[in-house]
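Text of the file target31.tsv, holding TSV, C-alpha atoms:
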chain	number	residue	atom	x	y	z
A	788	MET	CA	96.35	173.61	126.47
A	789	LYS	CA	98.69	170.74	125.73
A	790	THR	CA	102.13	171.43	124.58
A	791	LYS	CA	103.31	170.13	121.21
A	792	LEU	CA	105.33	167.40	122.97
A	793	GLU	CA	102.26	166.13	124.82
A	794	GLN	CA	100.27	166.09	121.58
A	795	ASP	CA	102.94	164.00	119.85
A	796	ASP	CA	102.94	161.52	122.74
A	797	SER	CA	99.19	161.08	122.57
A	798	VAL	CA	99.35	160.55	118.81
A	799	GLN	CA	102.06	157.93	119.20
A	800	GLU	CA	100.08	156.23	121.98
A	801	PHE	CA	96.98	156.17	119.85
A	802	GLN	CA	98.82	154.87	116.83
A	803	GLY	CA	100.11	151.84	118.83
A	804	PHE	CA	96.63	150.30	118.83
A	805	PHE	CA	96.18	150.10	115.06
A	806	LYS	CA	95.38	146.60	113.73
A	807	PRO	CA	98.37	145.15	111.85
A	808	ALA	CA	98.00	144.66	108.17
A	809	GLU	CA	96.42	141.31	107.25
A	810	VAL	CA	98.56	138.84	105.32
A	811	PRO	CA	96.73	136.34	103.07
A	812	ALA	CA	96.91	132.67	104.13
A	813	LEU	CA	98.74	131.69	100.96
A	814	GLN	CA	101.35	134.35	101.61
A	815	GLN	CA	101.73	133.14	105.20
A	816	TRP	CA	102.50	129.63	103.89
A	817	LYS	CA	104.97	131.04	101.40
A	818	ASP	CA	106.67	133.07	104.12
A	819	PHE	CA	106.84	129.98	106.34
A	820	PHE	CA	108.63	127.92	103.73
A	821	TYR	CA	110.82	130.76	102.57
A	822	ASN	CA	110.92	134.29	103.99
A	823	LYS	CA	113.05	136.36	101.66
A	824	GLU	CA	113.15	139.44	103.90
A	825	GLU	CA	114.36	137.55	107.00
A	826	GLY	CA	116.28	134.86	105.11
A	827	LYS	CA	114.43	132.02	106.86
A	828	VAL	CA	113.41	128.57	105.62
A	829	MET	CA	110.57	126.98	107.60
A	830	GLY	CA	111.09	129.45	110.40
A	831	ARG	CA	114.84	128.99	110.71
A	832	THR	CA	117.86	130.72	109.30
A	833	GLY	CA	120.63	128.77	107.59
A	834	SER	CA	122.87	128.89	110.66
A	835	SER	CA	120.00	127.71	112.88
A	836	TRP	CA	119.34	124.76	110.58
A	837	GLY	CA	123.04	123.92	110.50
A	838	LYS	CA	123.25	123.85	114.30
A	839	ILE	CA	120.17	121.64	114.81
A	840	ILE	CA	121.21	119.20	112.04
A	841	LEU	CA	124.69	118.92	113.53
A	842	PHE	CA	123.18	118.30	116.97
A	843	TYR	CA	120.99	115.43	115.74
A	844	ILE	CA	123.82	113.89	113.72
A	845	ILE	CA	126.00	113.81	116.84
A	846	PHE	CA	123.11	112.63	119.04
A	847	TYR	CA	121.98	109.72	116.84
A	848	SER	CA	125.55	108.73	116.01
A	849	ALA	CA	126.31	108.42	119.72
A	850	LEU	CA	123.05	106.48	120.22
A	851	ALA	CA	123.86	104.08	117.37
A	852	ALA	CA	127.41	103.60	118.67
A	853	LEU	CA	126.13	102.84	122.18
A	854	PHE	CA	123.60	100.33	120.80
A	855	SER	CA	126.27	98.66	118.64
A	856	ILE	CA	128.63	98.34	121.61
A	857	MET	CA	125.88	96.81	123.79
A	858	LEU	CA	124.94	94.39	121.00
A	859	TRP	CA	128.58	93.39	120.52
A	860	VAL	CA	128.97	92.77	124.26
A	861	PHE	CA	125.78	90.67	124.23
A	862	TYR	CA	126.98	88.50	121.33
A	863	GLN	CA	130.25	87.83	123.15
A	864	THR	CA	128.22	85.86	125.69
A	865	LEU	CA	126.71	83.59	122.99
A	866	ASP	CA	128.14	80.67	121.07
A	867	PRO	CA	126.86	80.21	117.49
A	868	ARG	CA	126.67	76.44	117.96
A	869	ILE	CA	126.18	75.84	121.68
A	870	PRO	CA	123.00	77.24	123.27
A	871	LYS	CA	123.44	79.02	126.57
A	872	TRP	CA	120.48	77.26	128.19
A	873	GLN	CA	120.36	73.49	127.72
A	874	THR	CA	118.20	70.49	128.68
A	875	ASP	CA	116.37	71.23	131.97
A	876	GLY	CA	117.46	74.87	131.91
A	877	SER	CA	115.94	75.52	128.48
A	878	LEU	CA	112.39	76.20	127.37
A	879	ILE	CA	112.45	73.07	125.18
A	880	GLY	CA	113.20	70.84	128.15
A	881	THR	CA	114.41	67.24	127.96
A	882	ASN	CA	111.41	65.44	126.50
A	883	PRO	CA	111.58	65.29	122.68
A	884	GLY	CA	108.51	64.94	120.54
A	885	LEU	CA	107.98	63.13	117.25
A	886	GLY	CA	107.29	64.80	113.93
A	887	PHE	CA	105.77	63.31	110.79
A	888	ARG	CA	105.96	64.04	107.07
A	889	PRO	CA	104.20	64.78	104.77
A	890	MET	CA	102.39	67.59	106.56
A	891	PRO	CA	99.03	68.95	105.33
A	892	PRO	CA	99.02	72.20	103.32
A	893	PHE	CA	100.03	75.36	105.17
A	894	ALA	CA	96.47	76.70	104.82
A	895	ASN	CA	95.39	73.82	107.10
A	896	VAL	CA	98.25	74.29	109.54
A	897	GLU	CA	96.27	72.84	112.46
A	898	SER	CA	95.24	69.74	110.54
A	899	THR	CA	97.02	66.38	110.82
A	900	LEU	CA	94.96	64.60	108.16
A	901	ILE	CA	96.54	62.82	105.18
A	902	THR	CA	93.75	62.19	102.67
A	903	TYR	CA	93.79	61.41	98.94
A	904	ARG	CA	92.48	59.18	96.17
A	905	GLY	CA	94.94	56.44	95.28
A	906	THR	CA	93.67	56.17	91.70
A	907	ASP	CA	94.25	59.87	90.93
A	908	ALA	CA	97.90	60.86	90.43
A	909	GLU	CA	97.08	64.58	90.54
A	910	ASN	CA	95.22	64.11	93.79
A	911	TYR	CA	98.20	62.63	95.68
A	912	ARG	CA	100.83	64.76	93.91
A	913	PHE	CA	100.95	67.23	96.80
A	914	TRP	CA	101.87	64.49	99.31
A	915	LYS	CA	104.49	63.01	97.00
A	916	ASP	CA	106.07	66.41	96.26
A	917	SER	CA	106.14	67.24	99.98
A	918	LEU	CA	108.11	64.08	100.71
A	919	VAL	CA	110.47	64.68	97.79
A	920	GLU	CA	111.22	68.15	99.17
A	921	PHE	CA	111.66	66.82	102.73
A	922	LEU	CA	114.07	64.07	101.64
A	923	LYS	CA	116.07	66.28	99.29
A	924	VAL	CA	118.74	67.09	101.92
A	925	TYR	CA	119.09	63.37	102.72
A	926	ARG	CA	119.54	62.39	99.08
A	927	LYS	CA	121.91	65.27	98.19
A	928	PRO	CA	124.45	65.95	100.97
A	929	GLY	CA	125.67	69.14	99.30
A	930	LEU	CA	122.37	70.90	100.09
A	931	THR	CA	123.19	70.95	103.81
A	932	PRO	CA	125.86	73.55	104.77
A	933	GLY	CA	129.07	71.87	105.93
A	934	ARG	CA	127.88	68.37	105.00
A	935	GLY	CA	130.17	66.44	102.72
A	936	GLN	CA	133.69	65.44	103.74
A	937	ASN	CA	132.64	64.92	107.37
A	938	ILE	CA	129.98	62.26	106.58
A	939	TYR	CA	130.79	58.99	108.32
A	940	ASN	CA	129.29	55.56	107.75
A	941	CYS	CA	128.31	54.99	111.37
A	942	ASP	CA	127.31	51.78	113.06
A	943	TYR	CA	126.78	50.65	116.63
A	944	ASP	CA	130.42	49.63	116.93
A	945	ARG	CA	131.59	52.65	114.86
A	946	PRO	CA	130.21	55.84	116.40
A	947	PRO	CA	131.12	59.16	114.77
A	948	GLY	CA	134.30	60.92	115.81
A	949	LYS	CA	134.67	64.58	116.69
A	950	GLY	CA	133.39	66.77	113.87
A	951	GLN	CA	131.86	63.83	112.00
A	952	VAL	CA	128.17	63.26	111.25
A	953	CYS	CA	126.39	60.01	110.47
A	954	ASP	CA	125.00	59.27	107.05
A	955	VAL	CA	121.28	58.64	106.56
A	956	ASP	CA	120.84	56.62	103.38
A	957	VAL	CA	117.21	56.74	102.19
A	958	LYS	CA	117.80	55.76	98.57
A	959	ASN	CA	117.03	52.05	99.02
A	960	TRP	CA	114.03	52.28	101.32
A	961	SER	CA	111.69	50.58	98.87
A	962	PRO	CA	108.76	50.97	98.48
A	963	CYS	CA	109.09	54.32	100.29
A	964	THR	CA	111.00	56.07	97.49
A	965	SER	CA	110.13	58.89	95.10
A	966	GLU	CA	110.60	56.56	92.13
A	967	ASN	CA	107.78	54.45	93.56
A	968	ASN	CA	105.56	57.46	94.43
A	969	PHE	CA	106.09	56.47	98.10
A	970	ASN	CA	103.47	53.81	97.34
A	971	TYR	CA	100.63	56.35	97.40
A	972	HIS	CA	99.40	55.09	94.03
A	973	LYS	CA	98.74	51.68	95.58
A	974	SER	CA	96.70	53.08	98.51
A	975	ALA	CA	99.45	51.82	100.81
A	976	PRO	CA	101.26	55.08	101.68
A	977	CYS	CA	104.52	55.77	103.48
A	978	VAL	CA	104.80	58.32	106.29
A	979	PHE	CA	108.19	59.46	107.61
A	980	LEU	CA	109.00	60.08	111.27
A	981	LYS	CA	111.76	62.07	112.95
A	982	LEU	CA	112.62	62.78	116.56
A	983	ASN	CA	112.86	66.46	117.43
A	984	LYS	CA	116.38	67.71	118.14
A	985	ILE	CA	117.36	68.77	121.68
A	986	TYR	CA	120.93	69.92	122.18
A	987	GLY	CA	122.90	67.68	124.52
A	988	TRP	CA	120.04	65.24	125.12
A	989	VAL	CA	121.23	61.66	125.66
A	990	PRO	CA	118.59	58.92	125.47
A	991	GLU	CA	118.41	56.32	128.21
A	992	PHE	CA	117.75	53.21	126.16
A	993	TYR	CA	115.44	50.31	126.87
A	994	ASN	CA	118.33	47.91	126.34
A	995	ASP	CA	117.39	45.38	129.02
A	996	THR	CA	115.00	42.84	127.50
A	997	ASN	CA	113.91	41.79	130.99
A	998	ASN	CA	112.93	45.29	132.06
A	999	LEU	CA	110.60	46.71	129.42
A	1000	PRO	CA	107.66	48.99	130.36
A	1001	PRO	CA	104.25	47.31	130.68
A	1002	MET	CA	102.63	49.90	128.38
A	1003	MET	CA	104.98	49.09	125.50
A	1004	PRO	CA	103.18	47.27	122.62
A	1005	ARG	CA	103.71	43.51	122.58
A	1006	ASP	CA	104.96	43.41	119.01
A	1007	LEU	CA	107.66	45.95	119.87
A	1008	LYS	CA	108.69	43.90	122.91
A	1009	ARG	CA	109.04	40.80	120.72
A	1010	HIS	CA	111.12	42.80	118.26
A	1011	ILE	CA	113.45	44.02	121.04
A	1012	TRP	CA	113.89	40.47	122.33
A	1013	GLU	CA	114.83	39.27	118.83
A	1014	VAL	CA	117.29	42.14	118.39
A	1015	GLY	CA	118.85	41.34	121.77
A	1016	ARG	CA	119.42	37.71	120.80
A	1017	ASN	CA	121.21	38.67	117.58
A	1018	ASN	CA	123.18	41.81	118.51
A	1019	THR	CA	123.09	43.40	121.95
A	1020	LEU	CA	124.75	46.58	120.67
A	1021	LYS	CA	121.62	47.33	118.62
A	1022	LEU	CA	119.60	47.50	121.81
A	1023	ASN	CA	120.95	51.04	122.20
A	1024	THR	CA	118.11	52.38	120.09
A	1025	VAL	CA	115.26	54.83	120.60
A	1026	TRP	CA	112.44	52.46	119.68
A	1027	VAL	CA	109.33	53.47	117.74
A	1028	SER	CA	105.82	52.03	117.69
A	1029	CYS	CA	102.81	53.01	115.58
A	1030	GLU	CA	99.27	51.77	116.04
A	1031	GLY	CA	95.64	52.81	115.80
A	1032	GLU	CA	94.53	55.02	118.66
A	1033	ASN	CA	91.24	53.24	119.28
A	1034	PRO	CA	90.19	49.57	118.92
A	1035	ALA	CA	88.44	50.31	115.61
A	1036	ASP	CA	91.57	52.11	114.33
A	1037	VAL	CA	93.74	49.14	115.31
A	1038	GLU	CA	91.56	46.92	113.16
A	1039	ASN	CA	91.39	49.34	110.21
A	1040	VAL	CA	95.06	50.36	110.03
A	1041	GLY	CA	96.20	46.93	108.87
A	1042	PRO	CA	99.79	45.63	108.94
A	1043	ILE	CA	102.59	48.16	109.42
A	1044	ARG	CA	106.15	47.83	108.18
A	1045	TYR	CA	109.04	49.85	109.62
A	1046	ILE	CA	111.89	50.96	107.32
A	1047	PRO	CA	114.69	50.37	108.12
A	1048	ASP	CA	113.67	47.21	109.94
A	1049	LEU	CA	115.62	48.25	113.06
A	1050	ARG	CA	112.38	49.97	114.09
A	1051	GLY	CA	113.88	52.99	115.76
A	1052	PHE	CA	116.53	55.70	115.79
A	1053	PRO	CA	120.08	54.36	116.31
A	1054	GLY	CA	121.80	55.52	119.48
A	1055	TYR	CA	124.98	56.61	117.68
A	1056	PHE	CA	123.13	59.71	116.41
A	1057	TYR	CA	123.06	61.08	119.96
A	1058	PRO	CA	123.78	63.40	121.62
A	1059	TYR	CA	122.93	66.13	119.14
A	1060	GLU	CA	125.66	68.80	119.38
A	1061	ASN	CA	124.81	70.98	116.38
A	1062	SER	CA	127.74	69.63	114.38
A	1063	GLU	CA	128.12	71.10	110.91
A	1064	GLY	CA	126.15	69.05	108.39
A	1065	TYR	CA	124.17	67.08	111.00
A	1066	LEU	CA	120.86	65.57	109.85
A	1067	SER	CA	118.35	63.99	112.21
A	1068	PRO	CA	117.77	60.26	111.81
A	1069	ILE	CA	114.45	59.41	110.16
A	1070	MET	CA	112.45	56.31	109.45
A	1071	ALA	CA	109.59	55.36	107.15
A	1072	ILE	CA	106.30	53.83	108.25
A	1073	HIS	CA	104.71	51.80	105.46
A	1074	PHE	CA	100.98	51.16	105.91
A	1075	GLU	CA	100.70	48.02	103.82
A	1076	LYS	CA	96.93	47.57	103.68
A	1077	PRO	CA	94.90	50.27	105.44
A	1078	ARG	CA	91.13	50.11	105.03
A	1079	THR	CA	89.94	52.64	102.45
A	1080	GLY	CA	86.99	55.00	102.71
A	1081	ILE	CA	87.29	55.41	106.47
A	1082	LEU	CA	89.15	57.79	108.78
A	1083	ILE	CA	91.94	56.04	110.70
A	1084	GLN	CA	93.54	57.75	113.71
A	1085	ILE	CA	97.16	56.76	114.24
A	1086	GLU	CA	99.55	57.41	117.12
A	1087	CYS	CA	103.30	56.82	116.98
A	1088	LYS	CA	105.51	56.83	120.08
A	1089	ALA	CA	109.23	57.02	120.74
A	1090	TRP	CA	110.48	54.78	123.54
A	1091	ALA	CA	113.34	55.55	125.93
A	1092	ARG	CA	113.51	55.68	129.71
A	1093	ASN	CA	113.76	59.47	129.67
A	1094	ILE	CA	110.93	60.01	127.16
A	1095	ARG	CA	107.58	60.72	128.79
A	1096	HIS	CA	104.35	60.31	126.80
A	1097	ASP	CA	101.63	62.93	127.02
A	1098	ARG	CA	98.96	63.21	124.30
A	1099	ARG	CA	97.75	66.63	125.42
A	1100	ASP	CA	101.21	68.23	125.37
A	1101	LYS	CA	102.39	66.07	122.43
A	1102	LEU	CA	105.37	64.75	124.34
A	1103	GLY	CA	107.17	61.68	123.06
A	1104	SER	CA	104.52	60.93	120.45
A	1105	VAL	CA	102.76	62.20	117.34
A	1106	HIS	CA	99.16	61.86	116.15
A	1107	PHE	CA	97.87	61.98	112.59
A	1108	GLU	CA	94.91	60.70	110.60
A	1109	LEU	CA	94.86	58.71	107.38
A	1110	MET	CA	91.96	58.54	104.96
A	1111	ILE	CA	92.20	56.96	101.50
A	1112	ASP	CA	89.30	57.07	99.05

As structure tokens - that is how I would like this structure written.
Amino acid sequence: MKTKLEQDDSVQEFQGFFKPAEVPALQQWKDFFYNKEEGKVMGRTGSSWGKIILFYIIFYSALAALFSIMLWVFYQTLDPRIPKWQTDGSLIGTNPGLGFRPMPPFANVESTLITYRGTDAENYRFWKDSLVEFLKVYRKPGLTPGRGQNIYNCDYDRPPGKGQVCDVDVKNWSPCTSENNFNYHKSAPCVFLKLNKIYGWVPEFYNDTNNLPPMMPRDLKRHIWEVGRNNTLKLNTVWVSCEGENPADVENVGPIRYIPDLRGFPGYFYPYENSEGYLSPIMAIHFEKPRTGILIQIECKAWARNIRHDRRDKLGSVHFELMID
């Protein structure tokens, strides 16, 4: 026979295998979020939550401080006005391209077609408004940060001094003015050109009338010769030519007028050094009598000894199409 002690042990051993009481799922969720008996919230006591929150506050504060210090050190190596990598050492390189305005709507971002009906004011309103917006900073100097007191009336014998920027006066470029609808209503539109900015780039001018490139258009060569006879200082210009891309386009584009009549970007605008209030020089191309009802492909080129032309990479030139109903 078993003693009383042995019987108690066997009872206790047997009782250890009883299935624990089942707790409903809803009660389990309630106990997880707040267990009144153990004083826990989401499985942790108040002191446990305090310790883990304090740990993460210290951890992320140290991480943010380290990031801020690294960012501050990085910005000490940069100049807000002077890029670290310039000319040949930069991604932009040393070969500027040309840009044109007005650009087609943003929805047709890949398009370069300017098309409208000259007899319909609503139809060409988009092109007119685009040019008004583009020229706004040229007409109102106060819209460009820092531009105002440092504007200088530059000329070839009066280059800008340190901290000064040259004025670009577009108010009297008739007929390429907003008051005249940029001549779109007469089916003889104006298109504006600008040379892309490259910090520190200095153009090497075609200022020797006896040493002009063979690929340069003849009418531009004649213009350079005439400029050279009247004022040799004006030969320090980045010249511009526009013409139809193909023989049919040359015939259809009609006569072209350049405004101002210098036919290029004056050399005193260069080099670009990101001076406060600086605006790129621009010029207007007036197509005086383009043929209507037909697509005309036009190519404009900038000419300097250190400007290379490449249609595929859009270097030194710009292409756009013109179609007037």

Long-range neighbours of region 940-943 of chain A as number ranges by chain, 9 Å cut-off, only C-alpha atoms, 3 positions minimum in chain:
A: 946-947, 952-955, 1020-1021, 1023, 1053-1056

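Considering the residues A:Pro889, A:Pro976, A:Gly837, A:Pro811 and counting only C-alpha atoms, Ile1043 (chain A) has its shortest atom-to-atom contact with A:Pro976.
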
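Proximity ranking of A:Lys958, A:Lys973, A:Lys1101, A:Arg1016 relative to Arg904 (chain A) places A:Lys973 first, based on only C-alpha atoms.
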
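Between CA of Gly1103 (chain A) and CA of Trp1090 (chain A) the interatomic distance comes to 7.7 Å.
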
Within 9 Å of Tyr986 (chain A), counting only C-alpha atoms, which residues qualify if same-chain residues fewer than 6 places away don't, as a PDB file with C-alpha atoms, keeping the file's coordinate frame?
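Result went into around06.pdb, see below:
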ATOM      1  CA  ILE A 869     126.180  75.840 121.680  1.00  0.00           C
ATOM      2  CA  PRO A 870     123.000  77.240 123.270  1.00  0.00           C
ATOM      3  CA  GLN A 873     120.360  73.490 127.720  1.00  0.00           C
ATOM      4  CA  THR A 874     118.200  70.490 128.680  1.00  0.00           C
ATOM      5  CA  PRO A1058     123.780  63.400 121.620  1.00  0.00           C
ATOM      6  CA  TYR A1059     122.930  66.130 119.140  1.00  0.00           C
ATOM      7  CA  GLU A1060     125.660  68.800 119.380  1.00  0.00           C
ATOM      8  CA  ASN A1061     124.810  70.980 116.380  1.00  0.00           C
TER       9      ASN A1061
END

One decimal, Å: what's the distance from CA of Gly1080 (chain A) over to CA of Asn1039 (chain A), could you say?
10.4 Å

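For the atom pair formed by CA of Leu1022 (chain A) and CA of Gly1051 (chain A), the distance is 10.0 Å, given to one decimal.
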
From the options A:Met1002, A:Met1070, A:Leu918, A:Val1025, which residue's atoms come nearest to Pro891 (chain A), counting all atoms listed in the file?
A:Leu918

Determine the axis-aligned bounding box of all atoms of region 1034-1037 of chain A present in the file, pad each side by 5 Å, and express its centre and edge lengths in Å to one decimal place as lines of an AutoDock Vina configuration file.
center_x = 91.1
center_y = 50.6
center_z = 116.6
size_x = 15.3
size_y = 13.0
size_z = 14.6

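Excluding Lys981 (chain A) itself and any same-chain residue fewer than 4 positions from it, the protein and nucleic acid residues within 12 Å of it, counting all atoms listed in the file, are Pro883, Gly884, Leu885, Gly886, Phe887, Arg888, Pro889, Phe921, Leu922, Val955, Val1025, Trp1026, Val1027, Gly1051, Phe1052, Pro1053, Leu1066, Ser1067, Pro1068, Ile1069, Met1070, Ala1071, Ile1072, Cys1087, Lys1088, Ala1089, Gly1103, Ser1104 and Val1105 of chain A.
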
Please provide as a PDB file with C-alpha atoms, in the coordinates of the input all residues within 12 Å of Cys963 (chain A), with the sequence filter that same-chain residues fewer than 6 positions apart are discarded (counting only C-alpha atoms).
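This is the output file part_12.pdb:
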ATOM      1  CA  LYS A 915     104.490  63.010  97.000  1.00  0.00           C
ATOM      2  CA  LEU A 918     108.110  64.080 100.710  1.00  0.00           C
ATOM      3  CA  VAL A 919     110.470  64.680  97.790  1.00  0.00           C
ATOM      4  CA  LEU A 922     114.070  64.070 101.640  1.00  0.00           C
ATOM      5  CA  VAL A 957     117.210  56.740 102.190  1.00  0.00           C
ATOM      6  CA  PHE A 969     106.090  56.470  98.100  1.00  0.00           C
ATOM      7  CA  ASN A 970     103.470  53.810  97.340  1.00  0.00           C
ATOM      8  CA  TYR A 971     100.630  56.350  97.400  1.00  0.00           C
ATOM      9  CA  HIS A 972      99.400  55.090  94.030  1.00  0.00           C
ATOM     10  CA  LYS A 973      98.740  51.680  95.580  1.00  0.00           C
ATOM     11  CA  ALA A 975      99.450  51.820 100.810  1.00  0.00           C
ATOM     12  CA  PRO A 976     101.260  55.080 101.680  1.00  0.00           C
ATOM     13  CA  CYS A 977     104.520  55.770 103.480  1.00  0.00           C
ATOM     14  CA  VAL A 978     104.800  58.320 106.290  1.00  0.00           C
ATOM     15  CA  PHE A 979     108.190  59.460 107.610  1.00  0.00           C
ATOM     16  CA  ARG A1044     106.150  47.830 108.180  1.00  0.00           C
ATOM     17  CA  TYR A1045     109.040  49.850 109.620  1.00  0.00           C
ATOM     18  CA  ILE A1046     111.890  50.960 107.320  1.00  0.00           C
ATOM     19  CA  PRO A1047     114.690  50.370 108.120  1.00  0.00           C
ATOM     20  CA  MET A1070     112.450  56.310 109.450  1.00  0.00           C
ATOM     21  CA  ALA A1071     109.590  55.360 107.150  1.00  0.00           C
ATOM     22  CA  ILE A1072     106.300  53.830 108.250  1.00  0.00           C
ATOM     23  CA  HIS A1073     104.710  51.800 105.460  1.00  0.00           C
ATOM     24  CA  PHE A1074     100.980  51.160 105.910  1.00  0.00           C
ATOM     25  CA  GLU A1075     100.700  48.020 103.820  1.00  0.00           C
TER      26      GLU A1075
END

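Take the candidates A:Leu980, A:Val989, A:Leu850, A:Ile938 and check each one against Tyr1065 (chain A) using only C-alpha atoms; the shortest distance goes to A:Ile938.
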
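Nearest to Gly1064 (chain A) of all the residues A:Asn967, A:Asp1048, A:Met1110, A:Val924 is A:Val924, based on only C-alpha atoms.
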
With distances taken over only C-alpha atoms, which of A:Gly830, A:Gly1031, A:Gly880, A:Pro928 is nearest to Lys984 (chain A)?
A:Gly880
